[in-house]
Amino acid sequence: MPDTRRRIGLIDVTLRDAHQCLWATRMTTAMMRDIAPRLDRAGFEAIDLVGGAVFDVAVRYLREDPWERMRLISSWITETPLIIHTRGQSLFTFEFFPDDIVELAAERFAANGMRYHTPYDALNDIRNLEIPVRAAKLHGFYVAAGLVYTFSPVHTDAYYTEKARQLVALDVDAIFLKDASGLLTPERVATLVPAVKAVLGDRPLQLHSHCNSGLAPYVVLQAVEHGVDVIHTATSTLANGVSHSPTELVAANLRRRGYNVPVDLAPVREVAERLAYIAEKEGKPVGTPNEYDEFHFRHQCPGGMVSNLAYQLETMGLRHRLEDILEEAWHVREDLGYPIVVSPFAQYIVTQAMLNVVGRDHGRARYDTVPDEIRLYVRGGYGEIAGTIEANLYDKITRGAAPITERPGATLPPGLARIRAAHGPFVSDDDLLLAAFYDESQYHALKEAGPINTAYPIMGTPLATLLKEIGDRPSIRSFHFRQTCE
């Protein structure tokens, strides 16, 4: 039986990862206005706010300045640390940035109200986290660094144990296992969690697991049994599907097992009701549990990516080749040393698989056509490759180019002076960083949009009126989700 005194913390991902998965990252700041203070009162360890695709979508599609969003939400959420979630040296994009840009970004995250940093590297190359972690610690962040989970012949418990040791050497405050495609099983957490915990000392271990396979709500419980200290969850309206386990259910189940979960579910339920209202009003889906599918564990592609791929193939008259391409994706991954199927490598693997399948239909050999990103990856330009790549295939893909063995960020010249000279002067360093991340058209379109609108009609609506309005509407729709998480 579990120790009834053991405390299990929850981290809320509703304002970041949950709507990234189910609403194509389209939750506006105004939609957050009424729910943010309620999440703040619930007693979460931290609240996930910006990162992954959220920063990018805010700029490109919502025309909301993400720095302004940070400032606004940090004025509405005053008791709970807000999380900035980055792709390490890549920050919010697929490209690497120079060290000085990464360092300035950490300074601006802190200046705009963030207090908790969760960086990860898509290849688990800890060198790509050195600068982000050091800069975050310098500015007083609590740093929980991520190890991206996958399974393959080379991603063993020993592999993750060694990576955890390297993160401990960077003096991170905690480590989280990032299971972006929902691949963890109860059997694997029984060995993986104790192995990683053994090298952490008194540092907490967190679990960030998506529901793609349908197993996550049970997996997180078993992970706690084996030593996980903190679980990432989403408010039930935006849980399940390819999102996370529901906060309300996880808390209830953990309590039934005897654990102390210091989260007040009353404000969380109020958030769920308001999100249901917003979903109905805006025509957005709510999360429903996924069916278990063994094929998912073979190709490992995020659920949103599969839906997007099917749609794209249909427009090309190739919808019937979907399963062939997903099967080929597994073989591409084998060939390329088992990159983890998370952005950007999920996109690169599927692109190469499609080129191989379509090329075969036209009499071409596999890897006759290779994107530049795959060439750079194979050379080590994104970081260490977990497995090995056969020598002849390496030569074919890279055209004989030498491997890259340096830390990728170290190969880039400083960027701040160049950006100031080319695009300055800037009113603030926040604007300077926006100019570093985006081209002039995106930058100017964002600036022309003006301040963020924070008014949403749900504000001030009495709960009884809100529920009646929901009850008078047709049932909230649920459909397949097309957004790729992380």
# chains A, B, ... in the order shown; residues from 1 in each chain; ligands from 1

$ select_by_dssp --residues "region 13-257 of chain A" --states "strand (DSSP E)" --output "ChimeraX atom specification"
/A:46-51,82-85,116-117,142-148,174-179,205-209,230-233

$ residues_around --residues "Leu355 (chain A)" --least-positions-apart "5" --cutoff "9 Å" --atoms "only C-alpha atoms" --output "list in words"
Ile325, Val350, Arg360, Arg366, Tyr367, Asp368, Thr369 and Val370 of chain A

$ write_last_selection --atoms "C-alpha atoms" --output "short mmCIF file (atom, residue, chain, number, x, y, z; two decimals), in the first residue's frame"
data_model
loop_
_atom_site.label_atom_id
_atom_site.label_comp_id
_atom_site.auth_asym_id
_atom_site.auth_seq_id
_atom_site.Cartn_x
_atom_site.Cartn_y
_atom_site.Cartn_z
CA ILE A 325 3.88 5.59 -45.45
CA VAL A 350 7.32 11.27 -42.23
CA ARG A 360 9.41 3.57 -55.20
CA ARG A 366 14.93 4.61 -51.20
CA TYR A 367 16.75 7.81 -50.21
CA ASP A 368 17.29 8.89 -53.81
CA THR A 369 15.55 12.09 -52.75
CA VAL A 370 16.51 13.46 -49.33
#

$ residues_around --residues "Ala239 (chain A)" --least-positions-apart "6" --cutoff "8 Å" --atoms "only C-alpha atoms" --output "number ranges by chain"
A: 18, 233, 245-246, 286-288

$ write_last_selection --atoms "C-alpha atoms" --output "PDB file, in the first residue's frame"
ATOM      1  CA  ALA A  18      -3.931  20.965 -23.871  1.00  0.00           C
ATOM      2  CA  THR A 233      -2.594  17.025 -16.229  1.00  0.00           C
ATOM      3  CA  SER A 245      -4.950  12.859 -18.476  1.00  0.00           C
ATOM      4  CA  PRO A 246      -7.820  14.741 -16.785  1.00  0.00           C
ATOM      5  CA  VAL A 286     -13.604  18.613 -26.372  1.00  0.00           C
ATOM      6  CA  GLY A 287     -11.396  15.669 -25.527  1.00  0.00           C
ATOM      7  CA  THR A 288     -12.614  12.096 -25.722  1.00  0.00           C
TER       8      THR A 288
END

$ closest_residue --among "A:Val271, A:Val341, A:Ala365, A:Leu446" --to "Ala180 (chain A)" --atoms "only C-alpha atoms"
A:Val341

$ closest_residue --among "A:Asp12, A:Arg63, A:Val378, A:Gly409" --to "Thr28 (chain A)" --atoms "only C-alpha atoms"
A:Arg63

$ closest_residue --among "A:Glu95, A:Arg108, A:Arg115, A:Arg26" --to "Asp48 (chain A)" --atoms "only C-alpha atoms"
A:Arg115

$ select_by_dssp --residues "region 282-461 of chain A" --states "alpha helix (DSSP H)" --output "count of residues only"
92

$ residues_around --residues "Gly52 (chain A)" --least-positions-apart "4" --cutoff "12 Å" --atoms "only C-alpha atoms" --output "PyMOL selection string"
chain A and resi 13+15-21+24-25+48+56-58+83-88+90-94+118-122+180+342-344+484-486

$ write_last_selection --atoms "N, CA and C atoms" --output "CSV table (one decimal), in the first residue's frame"
chain,number,residue,atom,x,y,z
A,13,VAL,N,-1.6,21.9,-17.5
A,13,VAL,CA,-1.2,22.2,-18.9
A,13,VAL,C,-2.3,22.8,-19.7
A,15,LEU,N,-3.6,25.7,-20.2
A,15,LEU,CA,-3.4,27.0,-20.9
A,15,LEU,C,-2.3,26.9,-22.0
A,16,ARG,N,-1.6,25.7,-22.1
A,16,ARG,CA,-0.6,25.6,-23.1
A,16,ARG,C,-0.7,24.3,-23.9
A,17,ASP,N,-0.3,23.2,-23.4
A,17,ASP,CA,-0.3,22.0,-24.2
A,17,ASP,C,-1.6,21.4,-24.5
A,18,ALA,N,-2.6,21.6,-23.6
A,18,ALA,CA,-3.9,21.0,-23.9
A,18,ALA,C,-4.6,21.6,-25.1
A,19,HIS,N,-4.6,22.9,-25.1
A,19,HIS,CA,-5.3,23.5,-26.3
A,19,HIS,C,-4.4,23.5,-27.5
A,20,GLN,N,-3.0,23.3,-27.3
A,20,GLN,CA,-2.2,23.0,-28.5
A,20,GLN,C,-2.6,21.7,-29.2
A,21,CYS,N,-3.0,20.7,-28.4
A,21,CYS,CA,-3.3,19.4,-28.9
A,21,CYS,C,-4.7,19.4,-29.5
A,24,ALA,N,-5.8,23.2,-31.8
A,24,ALA,CA,-4.8,23.7,-32.8
A,24,ALA,C,-4.1,25.0,-32.3
A,25,THR,N,-3.9,25.1,-30.9
A,25,THR,CA,-3.2,26.1,-30.3
A,25,THR,C,-4.0,27.5,-30.4
A,48,ASP,N,1.4,25.6,-16.8
A,48,ASP,CA,2.1,25.7,-18.1
A,48,ASP,C,1.4,26.7,-19.0
A,56,ASP,N,4.6,30.6,-31.2
A,56,ASP,CA,4.6,30.8,-32.7
A,56,ASP,C,3.2,31.1,-33.2
A,57,VAL,N,2.2,30.3,-32.7
A,57,VAL,CA,0.8,30.5,-33.2
A,57,VAL,C,0.3,31.9,-32.7
A,58,ALA,N,0.7,32.3,-31.5
A,58,ALA,CA,0.3,33.6,-31.0
A,58,ALA,C,0.7,34.7,-32.0
A,83,ILE,N,4.9,28.5,-16.2
A,83,ILE,CA,6.0,27.8,-16.9
A,83,ILE,C,6.2,28.3,-18.3
A,84,ILE,N,7.5,28.5,-18.6
A,84,ILE,CA,7.9,28.7,-20.0
A,84,ILE,C,8.6,27.4,-20.5
A,85,HIS,N,8.0,26.9,-21.6
A,85,HIS,CA,8.4,25.6,-22.1
A,85,HIS,C,9.2,25.8,-23.4
A,86,THR,N,10.4,25.4,-23.5
A,86,THR,CA,11.2,25.6,-24.7
A,86,THR,C,11.8,24.3,-25.3
A,87,ARG,N,12.2,24.4,-26.6
A,87,ARG,CA,12.9,23.3,-27.2
A,87,ARG,C,14.4,23.5,-27.1
A,88,GLY,N,14.8,23.9,-25.9
A,88,GLY,CA,16.2,24.1,-25.6
A,88,GLY,C,16.8,25.2,-26.5
A,90,SER,N,16.7,25.6,-29.5
A,90,SER,CA,15.8,26.0,-30.6
A,90,SER,C,14.6,26.9,-30.1
A,91,LEU,N,14.5,27.0,-28.8
A,91,LEU,CA,13.5,27.9,-28.2
A,91,LEU,C,12.1,27.4,-28.7
A,92,PHE,N,11.5,28.2,-29.6
A,92,PHE,CA,10.1,27.8,-30.1
A,92,PHE,C,10.0,27.4,-31.5
A,93,THR,N,11.2,27.1,-32.1
A,93,THR,CA,11.2,26.9,-33.6
A,93,THR,C,11.9,25.5,-33.8
A,94,PHE,N,12.2,25.3,-35.1
A,94,PHE,CA,12.9,24.1,-35.5
A,94,PHE,C,14.4,24.3,-35.7
A,118,THR,N,10.9,24.7,-18.4
A,118,THR,CA,10.9,23.2,-18.7
A,118,THR,C,11.5,23.0,-20.1
A,119,PRO,N,12.8,23.2,-20.2
A,119,PRO,CA,13.5,23.0,-21.5
A,119,PRO,C,13.7,21.5,-21.8
A,120,TYR,N,13.7,21.1,-23.1
A,120,TYR,CA,14.0,19.8,-23.5
A,120,TYR,C,14.7,19.9,-24.9
A,121,ASP,N,15.4,18.8,-25.2
A,121,ASP,CA,16.0,18.7,-26.6
A,121,ASP,C,15.4,17.5,-27.3
A,122,ALA,N,15.0,17.6,-28.5
A,122,ALA,CA,14.3,16.6,-29.2
A,122,ALA,C,15.1,15.3,-29.4
A,180,ALA,N,5.6,12.5,-25.4
A,180,ALA,CA,4.8,13.3,-26.3
A,180,ALA,C,3.8,12.5,-27.1
A,342,VAL,N,9.3,13.3,-32.4
A,342,VAL,CA,8.7,14.5,-31.9
A,342,VAL,C,9.3,15.6,-32.7
A,343,SER,N,8.6,16.8,-32.7
A,343,SER,CA,9.0,17.9,-33.6
A,343,SER,C,10.5,18.3,-33.3
A,344,PRO,N,11.3,18.5,-34.3
A,344,PRO,CA,10.9,18.5,-35.7
A,344,PRO,C,11.1,17.2,-36.4
A,484,THR,N,-0.7,18.7,-34.3
A,484,THR,CA,0.4,17.9,-33.8
A,484,THR,C,0.9,18.5,-32.5
A,485,CYS,N,0.9,17.7,-31.5
A,485,CYS,CA,1.4,18.2,-30.2
A,485,CYS,C,2.9,18.3,-30.1
A,486,GLU,N,3.4,19.2,-29.3
A,486,GLU,CA,4.8,19.5,-29.0
A,486,GLU,C,5.5,19.8,-30.3

$ atom_distance --atom1 "CA of Thr351 (chain A)" --atom2 "CA of Val50 (chain A)"
27.5 Å

$ residues_around --residues "Pro414 (chain A)" --least-positions-apart "5" --cutoff "7 Å" --atoms "only C-alpha atoms" --output "CSV table (one decimal) with N, CA and C atoms, in the first residue's frame"
chain,number,residue,atom,x,y,z
A,98,PRO,N,21.8,31.2,-31.8
A,98,PRO,CA,23.1,31.5,-31.2
A,98,PRO,C,22.9,31.6,-29.6
A,99,ASP,N,24.0,31.3,-29.0
A,99,ASP,CA,24.0,31.3,-27.5
A,99,ASP,C,23.5,32.7,-26.9
A,100,ASP,N,23.9,33.8,-27.5
A,100,ASP,CA,23.5,35.1,-27.0
A,100,ASP,C,22.0,35.3,-27.1

$ closest_residue --among "A:Leu138, A:Leu49, A:Pro285, A:Met354" --to "Leu313 (chain A)" --atoms "only C-alpha atoms"
A:Met354
